[in-house]
Amino acid sequence: MISPINNKFSLKLPVGILGFGKEGQSSLQWLLKQGVAVEQIKIFDKQKPNLKHEIEVFSGENYLENLDKCATIIRSAGVQPFLSELEEFSCVGGIVTSQIQMFLGLYGPKNVVGITGTMGKGSCLSMISHIFSQNQVSHLVGGNFGVPALDLTANIDEKKVVILELSSFQLMDLNIAPEVAVVLKTTVDHLDWHRSLDEYHLAKSRIAAMQKSEDSCVAWGAGVSAELASKSMGKVEFIGENNNLATLSANIDGEKLHINGETLDLQQCQVEGKHQLENMAAATLVARKFGVSVKKSFAALQNYVGLPFRLQKIAENRGVTYYNDSYATRPDATIAAVRAMSEEFALILGGSDKGVDFSQLAAELTENKFIKAVALMGQNAEIIAKNLHKHGFSKQMQQFMSLKEAFGWVHELITKGAILLSPASASFGLFANYVQRGEVFNEFIFEYMSKNAK
């Protein structure tokens, strides 16, 4: 049975929703709004959900055994597409799709901006949104940014620009790409999910590789990012550092960004960290494609305040400045935060182990002239400590069982300077997610300030 949704898109029934977290629940609500009968919907999830509707659910250890009861499977982003059961389902004619694939199939890639990379995706998206808001460009934001793509369909029209943050999980089996692709710096991540680094990079590359000649791409102009962007058939604009603008669309020189004869000085902005200039460059080049001049984008970026838990200055108290960078779940994100420090500081580091290499971070910390101490916590504390010892780190370092203990220790050491939470690790095992970790850190800050107020 085929259910026509619009003149561009139809869905072969019965349809199964694989993974019933936030995205899976969004898929269910969307299907029901399209008039798909509950008898034509199946749900597959290891945990049995509580449902208001009489929908067939497959759960438990063997929840994947009955995929053949469906003609189409909507794979939630967190579910690996290379599961043997999914591959078998495809081999016998089953259709495997995803929210992003369906969204682009329904509405087409025109006026859709997709942003990927290892770090900076959320910040870049929010900068584009901020520029658009200040320049009356109607738009919606979603994808991995917190709003499932199909939830946007209730408010979409052909005049709105849609900005999507896209992870490797969402890109891995994509066969249609946004009109405008952004490839930020791409290094290493999610090796606890992907089978290899090559697979991770290949997944990221699809945002460019699936583009057509009329599309365009904005990318960091070196290393893996440039390699991935070069797969686009459309026009590619590169961002670089200390280079000639004859070969670049945007040039970062120290703490200044140059585009089209206009200059933005980081000192004029509200956010911390030179790495933010890379996001600002990408945001400005994207906004230019939708009619916003470089001058107007730079003016908007000067009052952009940043996202929570991205090297966010929380407070200053008695000579100590507190920075919350809980979103830093990878070593390269923490390296960027450390490089932004310009006074003596203590670093709180560690969390759950994602199988990443900490050697570059260890070398960076060993050579940093401002760092006074490192407090380690979480599952990978010992791994990080070994890397620091190997690189000859000579400053104070100690391991702790909790963030609270680590916070107390660094406070004994830092009487003037900064305390930086930038874990370089995921939060699982200690916290539900980076948001909870960041909120708890903020609570410790304000509790300490309250107790020591005079």
# chains A, B, ... in the order shown; residues from 1 in each chain; ligands from 1
call {"tool": "select_by_dssp", "arguments": {"residues": "segment 202-379 of chain A", "states": "strand (DSSP E)", "output": "ChimeraX atom specification"}}
result
/A:216-220,235-241,250-253,256-259,262-265,312-317,320-324,345-349,371-377
call {"tool": "write_last_selection", "arguments": {"atoms": "C-alpha atoms", "output": "mmCIF file, in the first residue's frame"}}
result
data_model
loop_
_atom_site.group_PDB
_atom_site.id
_atom_site.type_symbol
_atom_site.label_atom_id
_atom_site.label_comp_id
_atom_site.auth_asym_id
_atom_site.auth_seq_id
_atom_site.Cartn_x
_atom_site.Cartn_y
_atom_site.Cartn_z
ATOM 1 C CA SER A 216 26.660 25.693 -3.049
ATOM 2 C CA CYS A 217 28.957 24.813 -0.182
ATOM 3 C CA VAL A 218 30.828 26.818 2.471
ATOM 4 C CA ALA A 219 33.742 25.058 4.124
ATOM 5 C CA TRP A 220 36.901 25.343 6.171
ATOM 6 C CA LYS A 235 30.188 26.365 -6.029
ATOM 7 C CA VAL A 236 32.462 25.969 -2.984
ATOM 8 C CA GLU A 237 33.573 28.954 -0.878
ATOM 9 C CA PHE A 238 36.492 28.369 1.459
ATOM 10 C CA ILE A 239 37.363 29.923 4.816
ATOM 11 C CA GLY A 240 41.027 30.087 5.775
ATOM 12 C CA GLU A 241 43.604 31.608 8.049
ATOM 13 C CA ALA A 250 36.847 34.586 4.090
ATOM 14 C CA ASN A 251 40.216 35.137 5.768
ATOM 15 C CA ILE A 252 40.959 34.981 9.503
ATOM 16 C CA ASP A 253 44.000 37.016 10.491
ATOM 17 C CA LYS A 256 40.087 39.652 12.776
ATOM 18 C CA LEU A 257 37.817 38.282 10.068
ATOM 19 C CA HIS A 258 38.025 39.743 6.555
ATOM 20 C CA ILE A 259 35.313 39.241 3.923
ATOM 21 C CA GLU A 262 34.840 44.327 5.469
ATOM 22 C CA THR A 263 36.535 43.508 8.783
ATOM 23 C CA LEU A 264 35.108 42.097 12.012
ATOM 24 C CA ASP A 265 37.291 42.316 15.138
ATOM 25 C CA GLN A 312 30.195 30.831 28.304
ATOM 26 C CA LYS A 313 31.354 33.372 30.859
ATOM 27 C CA ILE A 314 29.108 32.716 33.857
ATOM 28 C CA ALA A 315 30.363 35.108 36.519
ATOM 29 C CA GLU A 316 33.243 37.106 37.939
ATOM 30 C CA ASN A 317 33.775 37.063 41.682
ATOM 31 C CA VAL A 320 38.020 34.716 39.624
ATOM 32 C CA THR A 321 36.189 34.355 36.301
ATOM 33 C CA TYR A 322 34.107 31.230 35.681
ATOM 34 C CA TYR A 323 33.751 29.740 32.192
ATOM 35 C CA ASN A 324 31.283 26.969 31.377
ATOM 36 C CA PHE A 345 43.422 29.200 35.021
ATOM 37 C CA ALA A 346 42.487 25.767 36.329
ATOM 38 C CA LEU A 347 40.804 23.236 34.043
ATOM 39 C CA ILE A 348 38.186 20.637 34.963
ATOM 40 C CA LEU A 349 38.447 17.775 32.512
ATOM 41 C CA ILE A 371 47.385 26.697 33.058
ATOM 42 C CA LYS A 372 47.963 26.154 36.780
ATOM 43 C CA ALA A 373 46.113 22.905 37.482
ATOM 44 C CA VAL A 374 43.997 20.140 35.968
ATOM 45 C CA ALA A 375 41.206 18.411 37.875
ATOM 46 C CA LEU A 376 40.214 15.093 36.309
ATOM 47 C CA MET A 377 36.915 13.273 36.733
#
call {"tool": "residues_around", "arguments": {"residues": "Leu184 of chain A", "least_positions_apart": "3", "cutoff": "10 Å", "atoms": "only C-alpha atoms", "output": "number ranges by chain"}}
result
A: 115-121, 124, 181, 187, 218-221, 224-226, 229, 239, 278-279, 282
call {"tool": "write_last_selection", "arguments": {"atoms": "N, CA and C atoms", "output": "tab-separated table (two decimals), in the first residue's frame"}}
result
chain	number	residue	atom	x	y	z
A	115	ILE	N	24.21	22.14	8.07
A	115	ILE	CA	25.51	22.43	8.69
A	115	ILE	C	26.06	21.18	9.34
A	116	THR	N	27.28	20.82	8.99
A	116	THR	CA	27.94	19.70	9.66
A	116	THR	C	29.39	20.06	9.95
A	117	GLY	N	30.12	19.12	10.54
A	117	GLY	CA	31.48	19.35	11.02
A	117	GLY	C	31.60	18.67	12.38
A	118	THR	N	32.80	18.66	12.93
A	118	THR	CA	32.98	18.03	14.23
A	118	THR	C	32.64	18.98	15.37
A	119	MET	N	32.95	20.25	15.20
A	119	MET	CA	32.64	21.22	16.25
A	119	MET	C	32.16	22.53	15.64
A	120	GLY	N	31.28	23.21	16.36
A	120	GLY	CA	30.81	24.52	15.94
A	120	GLY	C	29.47	24.52	15.23
A	121	LYS	N	28.86	23.35	15.01
A	121	LYS	CA	27.61	23.29	14.24
A	121	LYS	C	26.50	24.12	14.87
A	124	CYS	N	27.30	27.90	14.81
A	124	CYS	CA	27.16	28.45	13.46
A	124	CYS	C	25.68	28.62	13.11
A	181	ALA	N	25.28	23.80	1.73
A	181	ALA	CA	25.94	22.93	2.70
A	181	ALA	C	27.06	23.70	3.38
A	187	THR	N	37.23	16.67	12.37
A	187	THR	CA	38.36	15.90	12.89
A	187	THR	C	37.89	14.49	13.27
A	218	VAL	N	29.89	25.97	1.72
A	218	VAL	CA	30.83	26.82	2.47
A	218	VAL	C	31.63	25.90	3.36
A	219	ALA	N	32.94	26.03	3.38
A	219	ALA	CA	33.74	25.06	4.12
A	219	ALA	C	35.05	25.65	4.63
A	220	TRP	N	35.55	25.06	5.72
A	220	TRP	CA	36.90	25.34	6.17
A	220	TRP	C	37.85	24.83	5.10
A	221	GLY	N	38.81	25.66	4.71
A	221	GLY	CA	39.58	25.40	3.51
A	221	GLY	C	40.85	24.60	3.68
A	224	VAL	N	40.69	17.74	6.27
A	224	VAL	CA	39.57	16.87	5.93
A	224	VAL	C	38.37	17.66	5.44
A	225	SER	N	38.10	18.81	6.08
A	225	SER	CA	36.94	19.62	5.70
A	225	SER	C	36.99	20.01	4.23
A	226	ALA	N	38.13	20.49	3.78
A	226	ALA	CA	38.29	20.88	2.38
A	226	ALA	C	38.13	19.69	1.45
A	229	ALA	N	34.39	18.89	1.27
A	229	ALA	CA	33.65	19.91	0.51
A	229	ALA	C	33.92	19.81	-0.99
A	239	ILE	N	36.94	29.06	3.71
A	239	ILE	CA	37.36	29.92	4.82
A	239	ILE	C	38.77	29.49	5.20
A	278	GLU	N	35.66	31.32	12.96
A	278	GLU	CA	35.38	30.34	11.91
A	278	GLU	C	33.88	30.19	11.70
A	279	ASN	N	33.14	30.13	12.82
A	279	ASN	CA	31.68	30.03	12.74
A	279	ASN	C	31.08	31.31	12.18
A	282	ALA	N	31.53	31.39	8.37
A	282	ALA	CA	30.57	30.53	7.68
A	282	ALA	C	29.18	31.14	7.71
call {"tool": "closest_residue", "arguments": {"among": "A:Gln134, A:Gln270, A:Ser402, A:Gly122", "to": "Phe431 of chain A", "atoms": "only C-alpha atoms"}}
result
A:Ser402
call {"tool": "residues_around", "arguments": {"residues": "segment 64-66 of chain A", "least_positions_apart": "3", "cutoff": "8 Å", "atoms": "only C-alpha atoms", "output": "tab-separated table (two decimals) with C-alpha atoms, in the first residue's frame"}}
result
chain	number	residue	atom	x	y	z
A	44	PHE	CA	10.63	-0.86	17.21
A	58	PHE	CA	8.23	-4.64	19.23
A	69	LYS	CA	6.24	-6.69	8.93
A	85	GLU	CA	18.76	-6.66	10.48
call {"tool": "closest_residue", "arguments": {"among": "A:Ser123, A:Ser98, A:Ser27, A:Gln398", "to": "Arg310 of chain A", "atoms": "only C-alpha atoms"}}
result
A:Ser123
call {"tool": "closest_residue", "arguments": {"among": "A:Ser359, A:Ser133, A:Ser427, A:Gln399", "to": "Val440 of chain A", "atoms": "only C-alpha atoms"}}
result
A:Ser427
call {"tool": "residues_around", "arguments": {"residues": "Ser205 of chain A", "least_positions_apart": "4", "cutoff": "10 Å", "atoms": "only C-alpha atoms", "output": "list of chain:residue names"}}
result
A:Thr116, A:Gly117, A:Ser168, A:Leu171, A:Met172, A:Val183, A:Glu199, A:Tyr200, A:His201, A:Ala209, A:Met210, A:Val224, A:Ser225, A:Glu227, A:Leu228, A:Ala229, A:Ser230, A:Lys231, A:Ser232
call {"tool": "atom_distance", "arguments": {"atom1": "atom CA of Ala71 of chain A", "atom2": "atom CA of Asp151 of chain A"}}
result
23.1 Å
call {"tool": "residues_around", "arguments": {"residues": "Lys52 of chain A", "least_positions_apart": "5", "cutoff": "12 Å", "atoms": "only C-alpha atoms", "output": "PyMOL selection string"}}
result
chain A and resi 25+28-29+38
call {"tool": "residues_around", "arguments": {"residues": "segment 363-369 of chain A", "least_positions_apart": "2", "cutoff": "12 Å", "atoms": "only C-alpha atoms", "output": "ChimeraX atom specification"}}
result
/A:331-332,334-347,349,357-361,371-374,384-397
call {"tool": "atom_distance", "arguments": {"atom1": "atom CA of Cys70 of chain A", "atom2": "atom CA of Lys42 of chain A"}}
result
7.6 Å
call {"tool": "residues_around", "arguments": {"residues": "segment 155-157 of chain A", "least_positions_apart": "3", "cutoff": "12 Å", "atoms": "only C-alpha atoms", "output": "PyMOL selection string"}}
result
chain A and resi 103+106-108+110-112+138-142+149-152+160-163
call {"tool": "write_last_selection", "arguments": {"atoms": "C-alpha atoms", "output": "compact mmCIF listing (two decimals), in the first residue's frame"}}
result
# COMPACT_ATOMS: atom_id res chain seq x y z
CA PHE A 103 11.98 16.26 4.94
CA LEU A 106 8.82 16.37 0.89
CA TYR A 107 9.96 19.96 0.44
CA GLY A 108 13.05 19.70 -1.72
CA LYS A 110 15.78 24.70 -2.06
CA ASN A 111 16.23 27.27 0.73
CA VAL A 112 17.58 24.58 3.05
CA SER A 138 12.07 34.45 7.69
CA HIS A 139 13.53 31.11 8.79
CA LEU A 140 13.20 27.94 10.86
CA VAL A 141 15.89 25.99 12.71
CA GLY A 142 16.02 22.29 13.51
CA ALA A 149 12.95 18.10 10.99
CA LEU A 150 9.39 16.82 10.52
CA ASP A 151 8.22 19.08 13.37
CA LEU A 152 9.11 22.04 11.15
CA LYS A 160 11.18 30.44 4.73
CA VAL A 161 14.82 29.40 4.91
CA VAL A 162 15.31 26.19 6.90
CA ILE A 163 18.61 25.80 8.79
call {"tool": "atom_distance", "arguments": {"atom1": "atom CA of Arg318 of chain A", "atom2": "atom CA of Lys274 of chain A"}}
result
26.1 Å
